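Novice: model_10.txt is reproduced in full below (compact mmCIF, C-alpha atoms and all ligand atoms).
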```txt
# COMPACT_ATOMS: atom_id res chain seq x y z
CA MET A 28 53.68 63.74 57.39
CA GLY A 29 51.19 65.99 59.15
CA ILE A 30 50.64 69.59 58.24
CA LYS A 31 51.25 72.78 60.13
CA VAL A 32 49.61 76.16 59.93
CA ALA A 33 51.91 79.04 60.83
CA LYS A 34 50.87 82.56 61.69
CA PHE A 35 53.51 85.28 61.63
CA GLY A 36 52.78 88.37 63.71
CA GLY A 37 53.53 92.02 62.91
CA SER A 38 57.12 92.11 64.16
CA SER A 39 57.90 88.85 62.27
CA VAL A 40 56.90 90.47 58.98
CA ALA A 41 57.88 94.07 59.68
CA ASP A 42 60.43 94.42 56.86
CA ALA A 43 62.27 92.49 54.13
CA LEU A 44 64.85 91.14 56.56
CA GLN A 45 62.18 89.61 58.78
CA ILE A 46 60.35 88.19 55.76
CA GLU A 47 63.60 86.49 54.68
CA LYS A 48 63.70 84.87 58.11
CA ILE A 49 60.21 83.51 57.77
CA LYS A 50 61.04 82.12 54.33
CA ASN A 51 63.95 80.21 55.91
CA ILE A 52 61.70 78.89 58.66
CA ILE A 53 59.09 77.68 56.16
CA GLU A 54 61.66 76.11 53.81
CA LYS A 55 63.51 74.36 56.59
CA ASP A 56 60.37 72.85 58.06
CA GLY A 57 58.65 71.59 54.93
CA SER A 58 55.33 70.85 56.65
CA ILE A 59 54.06 74.44 56.92
CA LYS A 60 51.43 74.36 54.20
CA TYR A 61 49.37 77.38 55.11
CA VAL A 62 50.73 80.69 56.31
CA VAL A 63 48.71 83.51 57.87
CA VAL A 64 50.32 86.92 58.14
CA SER A 65 49.76 90.17 60.00
CA ALA A 66 50.40 93.61 58.59
CA PRO A 67 53.96 94.92 59.06
CA GLY A 68 54.43 95.83 62.71
CA LYS A 69 57.09 97.83 64.46
CA ARG A 70 60.73 97.48 63.31
CA PHE A 71 62.02 99.25 66.42
CA SER A 72 60.37 100.39 69.62
CA ASP A 73 59.11 103.83 68.53
CA ASP A 74 58.26 102.79 64.98
CA SER A 75 54.62 102.79 63.77
CA LYS A 76 52.54 99.75 62.93
CA ILE A 77 51.06 99.84 59.44
CA THR A 78 47.60 99.08 60.87
CA ASP A 79 47.79 102.14 63.13
CA LEU A 80 48.80 104.31 60.16
CA LEU A 81 45.89 102.98 58.11
CA TYR A 82 43.40 103.81 60.87
CA LEU A 83 45.02 107.23 61.07
CA CYS A 84 44.37 107.80 57.34
CA LYS A 85 40.69 107.03 57.92
CA THR A 86 40.47 109.45 60.85
CA HIS A 87 42.05 112.18 58.71
CA ILE A 88 39.59 111.54 55.90
CA GLU A 89 36.67 111.71 58.34
CA HIS A 90 37.87 115.06 59.63
CA LYS A 91 38.63 116.31 56.11
CA ILE A 92 42.31 116.70 56.90
CA PRO A 93 44.84 115.74 54.16
CA TYR A 94 45.96 112.17 54.68
CA GLU A 95 48.42 111.88 51.78
CA GLN A 96 51.56 112.23 53.88
CA ILE A 97 50.59 109.34 56.14
CA PHE A 98 49.51 107.24 53.18
CA GLN A 99 52.88 107.92 51.56
CA VAL A 100 54.68 106.46 54.60
CA ILE A 101 52.67 103.26 54.07
CA VAL A 102 53.37 103.24 50.32
CA ASP A 103 57.09 103.74 50.96
CA ARG A 104 57.30 100.92 53.48
CA PHE A 105 55.61 98.39 51.23
CA THR A 106 57.55 99.59 48.18
CA ALA A 107 60.85 99.11 50.01
CA VAL A 108 59.84 95.54 50.91
CA GLY A 109 58.67 94.84 47.36
CA VAL A 110 61.97 96.10 45.91
CA ALA A 111 64.13 94.21 48.42
CA LEU A 112 62.26 90.94 47.87
CA ARG A 113 62.17 91.41 44.08
CA THR A 114 58.59 90.24 43.73
CA ASP A 115 56.43 90.93 40.69
CA VAL A 116 53.50 92.29 42.73
CA ASN A 117 52.23 95.48 41.07
CA LEU A 118 52.09 97.62 44.19
CA LYS A 119 51.40 100.81 42.27
CA GLN A 120 48.20 99.36 40.87
CA GLU A 121 47.19 98.05 44.32
CA PHE A 122 47.73 101.47 45.90
CA ASP A 123 45.74 103.20 43.17
CA VAL A 124 42.75 100.95 43.95
CA ILE A 125 43.07 101.51 47.69
CA ARG A 126 43.40 105.27 47.26
CA GLU A 127 40.35 105.39 45.04
CA ASN A 128 38.29 103.35 47.51
CA MET A 129 39.41 105.61 50.33
CA GLU A 130 38.35 108.72 48.40
CA GLN A 131 34.97 107.12 47.88
CA GLY A 132 34.37 106.65 51.57
CA ALA A 133 35.65 103.11 52.22
CA SER A 134 35.08 101.89 55.78
CA ALA A 135 37.70 101.87 58.55
CA ASP A 136 37.61 98.05 58.43
CA TYR A 137 38.44 97.96 54.74
CA ILE A 138 41.25 100.50 55.08
CA ALA A 139 42.75 98.78 58.15
CA SER A 140 42.65 95.39 56.41
CA ARG A 141 44.88 96.55 53.56
CA GLY A 142 48.03 96.07 55.67
CA GLU A 143 47.43 92.32 55.92
CA TYR A 144 46.19 92.12 52.32
CA LEU A 145 49.29 93.71 50.79
CA ASN A 146 51.71 91.92 53.06
CA ALA A 147 50.18 88.54 52.23
CA LYS A 148 50.40 89.32 48.51
CA LEU A 149 54.09 90.21 48.80
CA ILE A 150 54.95 87.24 50.99
CA ALA A 151 53.04 84.76 48.81
CA ALA A 152 54.92 85.97 45.74
CA TYR A 153 58.25 85.85 47.57
CA ILE A 154 57.93 82.35 49.00
CA GLY A 155 56.16 80.91 45.96
CA TYR A 156 52.84 80.06 47.68
CA ASP A 157 49.37 80.90 46.33
CA PHE A 158 47.66 84.02 47.67
CA VAL A 159 44.16 83.36 49.02
CA ASP A 160 42.20 86.44 50.05
CA ALA A 161 40.64 86.16 53.52
CA ALA A 162 37.61 88.09 52.17
CA SER A 163 36.59 84.96 50.28
CA ILE A 164 36.91 82.50 53.18
CA VAL A 165 36.39 84.29 56.52
CA ARG A 166 32.67 85.00 56.74
CA PHE A 167 30.65 87.64 58.56
CA SER A 168 26.85 87.90 58.59
CA ASP A 169 24.98 90.87 57.13
CA LYS A 170 24.87 92.35 60.62
CA GLY A 171 28.63 91.93 60.93
CA ARG A 172 28.68 88.91 63.25
CA PHE A 173 31.49 86.43 62.71
CA MET A 174 30.17 83.11 61.35
CA GLU A 175 32.42 80.37 62.62
CA GLU A 176 30.91 77.30 60.97
CA SER A 177 30.37 78.73 57.51
CA THR A 178 33.93 80.09 57.70
CA ASN A 179 35.19 76.62 58.55
CA THR A 180 33.47 75.14 55.51
CA ALA A 181 34.60 77.96 53.22
CA ILE A 182 38.24 77.60 54.32
CA GLN A 183 38.14 73.82 53.78
CA HIS A 184 36.52 74.21 50.40
CA GLU A 185 38.96 76.84 49.12
CA LEU A 186 42.23 75.71 50.64
CA SER A 187 41.79 72.10 49.58
CA LYS A 188 42.38 73.46 46.07
CA HIS A 189 45.79 74.85 47.10
CA GLU A 190 48.76 72.80 48.14
CA ASN A 191 50.28 75.86 49.83
CA ALA A 192 48.86 79.29 50.48
CA VAL A 193 49.43 82.59 52.24
CA ILE A 194 46.29 84.11 53.75
CA PRO A 195 46.04 87.62 55.20
CA GLY A 196 44.98 87.62 58.85
CA PHE A 197 42.67 89.95 60.77
CA TYR A 198 39.75 90.30 58.33
CA GLY A 199 37.04 88.61 56.35
CA ALA A 200 33.92 89.81 54.55
CA LYS A 201 30.14 89.73 54.53
CA MET A 202 28.37 87.88 51.71
CA ASP A 203 28.16 91.13 49.70
CA GLY A 204 31.96 91.47 49.89
CA THR A 205 32.09 94.27 52.49
CA VAL A 206 35.26 93.81 54.53
CA ARG A 207 35.01 93.27 58.31
CA THR A 208 37.90 92.95 60.73
CA PHE A 209 38.24 91.10 64.00
CA SER A 210 39.36 93.13 67.02
CA ARG A 211 42.99 94.27 67.17
CA GLY A 212 45.51 91.44 67.12
CA GLY A 213 42.93 89.34 65.26
CA SER A 214 45.36 87.61 62.88
CA ASP A 215 45.86 85.10 65.68
CA ILE A 216 42.20 84.17 65.23
CA THR A 217 42.54 83.73 61.46
CA GLY A 218 45.52 81.43 62.05
CA ALA A 219 43.52 79.30 64.49
CA LEU A 220 40.56 79.12 62.08
CA VAL A 221 42.77 77.91 59.24
CA ALA A 222 44.46 75.38 61.56
CA ARG A 223 41.08 74.02 62.63
CA ALA A 224 39.62 73.88 59.11
CA MET A 225 42.64 72.13 57.65
CA GLY A 226 43.05 69.73 60.57
CA ALA A 227 46.59 70.88 61.29
CA ASP A 228 48.71 68.86 63.70
CA VAL A 229 50.10 72.05 65.17
CA TYR A 230 49.22 75.72 64.96
CA GLU A 231 52.49 77.63 65.13
CA ASN A 232 52.17 81.22 66.24
CA TRP A 233 55.41 83.04 65.45
CA THR A 234 56.15 86.23 67.35
CA ASP A 235 59.15 88.00 68.89
CA VAL A 236 59.37 86.09 72.18
CA SER A 237 60.24 82.44 72.75
CA GLY A 238 56.87 81.63 74.30
CA PHE A 239 55.69 82.34 77.81
CA LEU A 240 57.92 82.85 80.80
CA MET A 241 57.01 81.71 84.30
CA ALA A 242 56.99 85.31 85.52
CA ASP A 243 57.41 88.82 84.19
CA PRO A 244 61.13 89.29 83.34
CA ARG A 245 60.89 92.92 84.49
CA ILE A 246 60.26 91.58 87.98
CA VAL A 247 62.05 88.23 88.17
CA LYS A 248 65.57 87.95 86.74
CA ASP A 249 65.78 85.35 83.93
CA PRO A 250 62.52 83.54 84.67
CA LYS A 251 62.31 80.01 83.29
CA PRO A 252 60.40 79.53 80.04
CA ILE A 253 57.14 77.57 80.14
CA SER A 254 57.63 74.60 77.83
CA THR A 255 54.06 73.29 78.00
CA ILE A 256 50.88 74.72 79.43
CA SER A 257 47.21 73.76 79.14
CA TYR A 258 44.61 76.07 77.62
CA LYS A 259 42.97 76.42 81.03
CA GLU A 260 46.15 77.41 82.82
CA LEU A 261 46.90 79.91 80.09
CA ARG A 262 43.45 81.41 80.47
CA GLU A 263 44.13 82.00 84.17
CA LEU A 264 47.49 83.59 83.43
CA SER A 265 46.28 85.79 80.60
CA TYR A 266 43.31 86.95 82.64
CA MET A 267 45.81 88.25 85.15
CA GLY A 268 47.89 90.12 82.63
CA ALA A 269 50.22 87.73 80.80
CA SER A 270 49.33 88.11 77.13
CA VAL A 271 50.96 87.01 73.90
CA LEU A 272 48.01 85.50 72.07
CA HIS A 273 44.56 86.94 71.21
CA GLU A 274 42.09 85.27 73.60
CA ASP A 275 39.62 84.36 70.86
CA ALA A 276 42.33 82.40 69.05
CA ILE A 277 42.25 79.67 71.65
CA TYR A 278 38.69 78.48 70.97
CA PRO A 279 39.00 77.19 67.37
CA ALA A 280 42.25 75.38 68.21
CA ARG A 281 40.78 73.99 71.39
CA ILE A 282 37.65 72.48 69.86
CA ALA A 283 39.76 70.76 67.22
CA ASN A 284 42.30 69.70 69.84
CA ILE A 285 45.18 71.35 68.01
CA PRO A 286 48.17 72.37 70.13
CA ILE A 287 49.37 75.95 69.71
CA ASN A 288 53.11 76.45 69.64
CA ILE A 289 54.33 79.98 70.41
CA ARG A 290 57.66 80.48 68.59
CA ASN A 291 60.23 83.23 68.12
CA THR A 292 61.02 84.28 64.53
CA ASN A 293 64.29 85.78 65.71
CA LYS A 294 65.30 82.59 67.54
CA PRO A 295 63.78 79.76 65.52
CA GLU A 296 65.95 77.21 67.35
CA ASP A 297 64.04 77.85 70.60
CA PRO A 298 61.21 75.31 71.09
CA GLY A 299 58.87 77.97 72.53
CA THR A 300 55.76 77.17 74.54
CA MET A 301 53.34 74.39 73.56
CA ILE A 302 49.72 75.04 74.60
CA THR A 303 47.78 71.80 74.83
CA ALA A 304 44.30 70.63 75.81
CA GLU A 305 45.46 68.61 78.80
CA PRO A 306 48.28 69.40 81.20
CA ASP A 307 51.45 67.45 80.51
CA LYS A 308 51.23 64.38 82.79
CA CYS A 309 54.98 63.84 82.87
CA ASP A 310 55.52 67.36 84.08
CA SER A 311 56.61 67.38 87.70
CA ARG A 312 56.40 71.15 88.16
CA ILE A 313 54.02 72.34 90.85
CA ILE A 314 53.31 75.68 89.28
CA SER A 315 53.22 76.74 85.65
CA GLY A 316 53.44 80.47 86.07
CA ILE A 317 52.80 83.58 88.12
CA ALA A 318 50.99 86.64 86.81
CA GLY A 319 49.32 89.62 88.31
CA SER A 320 48.08 93.17 87.99
CA LYS A 321 48.10 96.24 90.18
CA ASN A 322 45.37 98.75 90.99
CA PHE A 323 42.33 97.05 92.40
CA THR A 324 39.94 98.36 95.03
CA VAL A 325 38.50 96.30 97.86
CA ILE A 326 35.23 97.20 99.53
CA ALA A 327 35.16 95.28 102.81
CA ILE A 328 31.75 94.99 104.44
CA SER A 329 31.02 93.61 107.89
CA LYS A 330 27.67 93.08 109.53
CA ASN A 331 26.67 91.01 112.48
CA GLY A 332 24.64 88.02 111.27
CA LEU A 333 25.52 88.68 107.64
CA SER A 334 25.95 85.04 106.71
CA GLY A 335 22.37 84.23 107.79
CA GLU A 336 20.83 87.20 105.99
CA ARG A 337 18.84 86.38 102.84
CA GLY A 338 19.63 88.26 99.61
CA PHE A 339 22.68 90.12 100.92
CA ILE A 340 24.98 89.10 98.03
CA ARG A 341 22.22 89.61 95.48
CA LYS A 342 21.64 93.19 96.67
CA LEU A 343 25.36 93.91 96.66
CA ALA A 344 25.75 92.47 93.16
CA GLY A 345 22.72 94.53 92.08
CA ILE A 346 24.32 97.78 93.26
CA LEU A 347 27.42 97.02 91.23
CA GLU A 348 25.43 95.91 88.22
CA ASP A 349 23.42 99.13 88.28
CA ASN A 350 26.72 100.96 88.05
CA ASP A 351 27.92 98.68 85.24
CA ILE A 352 30.84 97.36 87.28
CA ALA A 353 32.24 93.84 87.04
CA ILE A 354 33.23 91.97 90.20
CA GLU A 355 36.70 90.43 90.09
CA HIS A 356 36.52 88.50 93.37
CA LEU A 357 34.16 88.06 96.25
CA PRO A 358 36.02 86.64 99.25
CA SER A 359 33.88 86.10 102.33
CA GLY A 360 34.11 85.36 106.05
CA ILE A 361 31.38 84.52 108.59
CA ASP A 362 30.16 88.08 109.03
CA THR A 363 32.30 89.79 106.41
CA LEU A 364 32.20 90.07 102.69
CA SER A 365 34.57 91.89 100.37
CA VAL A 366 34.30 92.80 96.74
CA VAL A 367 37.36 93.33 94.62
CA ILE A 368 36.98 95.65 91.64
CA GLU A 369 39.41 96.96 89.07
CA ASN A 370 40.16 100.65 89.77
CA GLN A 371 39.68 101.59 86.16
CA ALA A 372 36.25 99.94 86.09
CA LEU A 373 35.19 101.98 89.12
CA GLY A 374 35.63 105.21 87.20
CA GLY A 375 35.23 107.54 90.21
CA LYS A 376 31.99 105.93 91.41
CA LEU A 377 33.41 104.57 94.69
CA ASP A 378 31.69 107.13 96.95
CA ASP A 379 28.30 106.62 95.30
CA ILE A 380 28.64 102.87 95.62
CA THR A 381 29.61 102.90 99.29
CA GLU A 382 26.71 105.23 100.03
CA GLU A 383 24.35 102.87 98.26
CA ILE A 384 25.77 99.91 100.20
CA GLN A 385 25.16 101.80 103.47
CA ARG A 386 21.61 102.59 102.43
CA GLN A 387 20.53 99.21 101.09
CA LEU A 388 22.57 96.74 103.14
CA LYS A 389 22.85 98.61 106.46
CA PRO A 390 26.22 97.09 107.36
CA ASP A 391 27.98 97.71 110.69
CA HIS A 392 31.10 98.78 108.91
CA VAL A 393 32.33 99.47 105.36
CA GLU A 394 35.97 100.01 104.61
CA THR A 395 37.57 100.68 101.24
CA PHE A 396 41.13 100.12 100.18
CA ASP A 397 42.14 101.24 96.70
CA ASN A 398 45.71 100.19 96.50
CA MET A 399 45.62 96.48 95.97
CA ALA A 400 47.45 94.20 93.56
CA LEU A 401 46.27 90.70 92.68
CA ILE A 402 48.72 87.89 92.03
CA ALA A 403 47.70 84.53 90.56
CA THR A 404 49.90 81.51 91.06
CA VAL A 405 48.73 79.01 88.46
CA GLY A 406 49.49 75.35 87.91
CA SER A 407 47.55 72.16 87.35
CA GLY A 408 50.24 70.46 89.45
CA MET A 409 48.95 72.26 92.56
CA SER A 410 45.72 70.31 92.92
CA ALA A 411 47.33 66.94 93.52
CA ARG A 412 49.68 68.15 96.22
CA THR A 413 49.38 69.08 99.84
CA GLY A 414 51.25 71.95 101.40
CA VAL A 415 51.25 74.19 98.33
CA SER A 416 49.42 77.08 99.97
CA ALA A 417 51.50 76.71 103.13
CA ARG A 418 54.61 77.10 101.03
CA LEU A 419 53.20 80.12 99.26
CA PHE A 420 52.05 81.90 102.42
CA THR A 421 55.28 81.14 104.26
CA ALA A 422 57.26 82.63 101.38
CA LEU A 423 55.18 85.79 101.51
CA ALA A 424 55.42 86.04 105.29
CA GLU A 425 59.19 85.62 105.18
CA ALA A 426 59.41 88.38 102.59
CA GLY A 427 57.41 90.64 104.93
CA VAL A 428 54.41 90.86 102.60
CA ASN A 429 51.05 91.38 104.22
CA ILE A 430 48.31 89.37 102.47
CA ARG A 431 45.05 91.31 102.26
CA MET A 432 43.00 88.69 100.45
CA ILE A 433 43.15 85.02 99.51
CA ASP A 434 41.05 83.27 96.88
CA GLN A 435 41.52 79.76 95.61
CA GLY A 436 39.70 78.81 92.41
CA SER A 437 37.46 75.74 92.74
CA SER A 438 39.61 73.90 90.21
CA GLU A 439 42.47 74.17 92.72
CA MET A 440 44.52 75.27 89.75
CA ASN A 441 45.26 78.72 91.05
CA ILE A 442 45.70 80.65 94.24
CA ILE A 443 45.08 84.36 94.06
CA VAL A 444 46.43 86.65 96.73
CA GLY A 445 45.75 90.34 97.17
CA VAL A 446 48.66 92.42 98.44
CA GLU A 447 49.33 96.14 98.60
CA ASN A 448 50.52 97.66 95.31
CA LYS A 449 53.86 98.50 96.92
CA ASP A 450 54.48 94.82 97.71
CA PHE A 451 53.57 93.55 94.23
CA GLU A 452 57.07 92.95 92.86
CA LYS A 453 58.40 91.67 96.18
CA ALA A 454 55.57 89.15 96.43
CA ILE A 455 56.03 87.82 92.89
CA LYS A 456 59.77 87.34 93.50
CA ALA A 457 59.10 85.53 96.78
CA ILE A 458 56.55 83.15 95.19
CA TYR A 459 58.85 82.45 92.25
CA ASP A 460 61.78 81.64 94.55
CA ALA A 461 59.61 79.38 96.70
CA PHE A 462 58.48 77.19 93.80
CA VAL A 463 61.10 77.50 91.10
CA SER A 464 64.70 76.92 91.88
N1 LIG A 501 47.39 94.14 62.18
C1 LIG A 501 46.33 93.98 63.11
C2 LIG A 501 46.66 94.75 64.38
O1 LIG A 501 47.66 95.44 64.44
C3 LIG A 501 46.00 92.57 63.40
C4 LIG A 501 47.14 91.69 63.82
O2 LIG A 501 48.30 92.02 63.64
O3 LIG A 501 46.88 90.61 64.38
O4 LIG A 501 45.91 94.69 65.31
```
Would you write out, as structure tokens, the structure that this file holds?
Ligand code: ASP

Specialist:
Amino acid sequence: MGIKVAKFGGSSVADALQIEKIKNIIEKDGSIKYVVVSAPGKRFSDDSKITDLLYLCKTHIEHKIPYEQIFQVIVDRFTAVGVALRTDVNLKQEFDVIRENMEQGASADYIASRGEYLNAKLIAAYIGYDFVDAASIVRFSDKGRFMEESTNTAIQHELSKHENAVIPGFYGAKMDGTVRTFSRGGSDITGALVARAMGADVYENWTDVSGFLMADPRIVKDPKPISTISYKELRELSYMGASVLHEDAIYPARIANIPINIRNTNKPEDPGTMITAEPDKCDSRIISGIAGSKNFTVIAISKNGLSGERGFIRKLAGILEDNDIAIEHLPSGIDTLSVVIENQALGGKLDDITEEIQRQLKPDHVETFDNMALIATVGSGMSARTGVSARLFTALAEAGVNIRMIDQGSSEMNIIVGVENKDFEKAIKAIYDAFVS
């Protein structure tokens, strides 16, 4: 039988009740050999995540403001879990060490990592697996750069000595033992690294949703779940705003060709979404999903003879680069060129940029429009079919949506349309209805 690596996110390990659920999942399956856990997350919508509280302690210490009250909230939460699960972990001793390190100026990374560390200790004791500290297997260089290959070897070396283990997510350490964390949500990365190193058949990523849906449920009523999706399609969707998984978690699973299965701890019977290297050949769906974001600005430039002019795009790109602004899209016509930029990235520099465009590019006309939403319709099934864009544009026309921009990726795996912010929801509904029935 093959092995699985399972990562349980913050809401899946938020309290004793959730931890009981994960024990049931692990016992029922039998092939989950290695478990990676997050720190306790929110138990209800306005609850606090332990990681946020730990960072808050550090900020208080830095500003010489008493942090004890916040720390006590953390102590109380872990103590309640420890009592409910009846483990023999000596939490008091653990907290004394952490407190002492904090008083002595421990780094934000060390303090933040203690949520995962303590949770993994408790869970390992409760489910009867070994505890393996991530500080000994996830490696960072002296300068703090993550070292993928030496981590891979260290994980293989250490975990081969353990039949089962629980490993805290989110952090690792430099050779001198100094703790370093990944960016927020980084336990997903740890899970993928362990899956790769141990050659898992599947990397299960347990969260509080049953995988990805074909569209945002706040916009489309009861959208269908996505049962399988390729890494590439997922990348397109997450780029446009659909996120469940840390982006950097894809790479280690992808190079080792390990499928990632997004599962719901609260509904373990749901199969969730399977993310695979190649699109599912038996899948007859045309599109895999629709995602989008509001608030983009378009700068539309027209100039007679533009397409024959040398260096036009380079100069335009240079102006944006000088202002440290990334280009989202660059749709063009014969004598027209538009740049699409995220409003937030513009940061109030629109007037300066248009002035610079006037000065350097001497266009006939420049028009700006700051109220645009981008919608990506993604699916590997689109490339092999004719009439897909006709269907999409007809649906939008029938819904009375004016399309301001069209961009089709060269992979023919997505079509991006720009519409006015006010038409965003209407457009997504229309596209969904046209392709999914
Ligand atoms: N606990 C960390 C965070 O809240 C890492 C994680 O949960 O993946 O970002």

Novice: Could you tell me how far atom CA of Ser320 of chain A sits from atom CA of Arg211 of chain A, in Å to one decimal place?

Specialist: 21.5 Å

Novice: 6 Å from ligand LIG 501 (chain A) is the threshold here; counting all atoms listed in the file, which polymer residues fall inside it? Answer as number ranges by chain.

Specialist: A: 36-37, 65-66, 78, 197, 211-215

Novice: Distance atom CA of Gly406 of chain A-atom CA of Ile455 of chain A, one decimal place?

Specialist: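 So the two atoms, atom CA of Gly406 of chain A and atom CA of Ile455 of chain A, lie 14.9 Å apart.
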
Novice: Between atom CA of Gly360 of chain A and atom CA of Leu343 of chain A, what is the distance in Å, rounded to a tenth?

Specialist: 15.4 Å

Novice: Which is closer to Cys84 of chain A than all the others in A:Val63, A:Ile101, A:Ile30, A:Val428, using all atoms listed in the file?

Specialist: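 Among the listed residues, the smallest separation from Cys84 of chain A belongs to A:Ile101.
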
Novice: Which residues come within 10 Å of Leu272 of chain A, counting only C-alpha atoms, excluding same-chain residues fewer than 3 positions away, as a list in words?

Specialist: Gly212, Gly213, Ser214, Asp215, Ile216, Asn232, Thr234, Gly238, Leu261, Ser265, Ala269, Asp275, Ala276, Ile277, Ile287 and Ile289 of chain A

Novice: Which residue is closest to Phe209 of chain A? Choose from A:Leu264, A:Val165, A:Val221, A:Ile384 and count all atoms listed in the file.

Specialist: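 Among the listed residues, A:Val165 lies closest to Phe209 of chain A.
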
Novice: Need the neighbours of (26.4, 103.3, 89.7): which residues are at most 7 Å away, counting only C-alpha atoms, as a compact mmCIF listing (two decimals) with C-alpha atoms, in the coordinates of the input?

Specialist:
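Saved as result30.txt:
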```txt
# COMPACT_ATOMS: atom_id res chain seq x y z
CA ILE A 346 24.32 97.78 93.26
CA LEU A 347 27.42 97.02 91.23
CA ASP A 349 23.42 99.13 88.28
CA ASN A 350 26.72 100.96 88.05
CA ASP A 351 27.92 98.68 85.24
CA LYS A 376 31.99 105.93 91.41
CA ASP A 379 28.30 106.62 95.30
CA ILE A 380 28.64 102.87 95.62
```

Novice: Can you pull out every residue within 6 Å of segment 306-317 of chain A, counting only C-alpha atoms, but drop anything in the same chain fewer than 4 positions away, and send it as a list in words?

Specialist: Met241, Ala242, Ser257, Ala403, Thr404, Val405, Gly406, Gly408 and Met409 of chain A

Novice: Any idea what's packed within 8 Å of segment 187-193 of chain A, counting all atoms listed in the file, ignoring anything in its chain fewer than 4 positions away? Could you give it as a count of residues only?

Specialist: 14

Novice: Under the rule that all atoms listed in the file are counted, which of A:Phe98, A:Phe105, A:Trp233, A:Tyr153 is the nearest residue to Asn293 of chain A?

Specialist: A:Trp233

Novice: When distances are computed from all atoms listed in the file, which of A:Ser237, A:Asn398, A:Ser168, A:Thr300 shows the smallest separation from Tyr258 of chain A?

Specialist: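 Smallest distance to Tyr258 of chain A is found for A:Thr300.
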
Novice: Which polymer residues, protein or nucleic acid, are no farther than 9 Å from (61.0, 86.4, 51.1), counting only C-alpha atoms, as an MDAnalysis selection string?

Specialist: chainID A and resid 43:51 111:114 149:155

Novice: Using all atoms of segment 337-355 of chain A that appear in the file, construct an axis-aligned enclosing box with 8 Å of padding on every side and provide its centre coordinates and edge lengths in Å, rounded to one decimal, as JSON.

Specialist:
```
{"center_x": 27.8, "center_y": 93.7, "center_z": 94.0, "size_x": 33.9, "size_y": 30.6, "size_z": 33.6}
```

Novice: Out of A:Pro298, A:Pro286, A:Phe71, A:Asp235, which residue has the shortest atom-to-atom distance to Pro252 of chain A when counting only C-alpha atoms?

Specialist: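 The shortest atom-to-atom distance to Pro252 of chain A comes from A:Pro298.
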
Novice: Applying 8 Å and only C-alpha atoms, which residues near Ala224 of chain A remain after dropping the ones on its own chain fewer than 3 positions away? List them as a compact mmCIF listing (two decimals) with C-alpha atoms, in the frame of the given file.

Specialist:
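As written to disk, part_1.txt reads:
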```
# COMPACT_ATOMS: atom_id res chain seq x y z
CA ASN A 179 35.19 76.62 58.55
CA THR A 180 33.47 75.14 55.51
CA ILE A 182 38.24 77.60 54.32
CA GLN A 183 38.14 73.82 53.78
CA LEU A 220 40.56 79.12 62.08
CA VAL A 221 42.77 77.91 59.24
CA ALA A 227 46.59 70.88 61.29
```
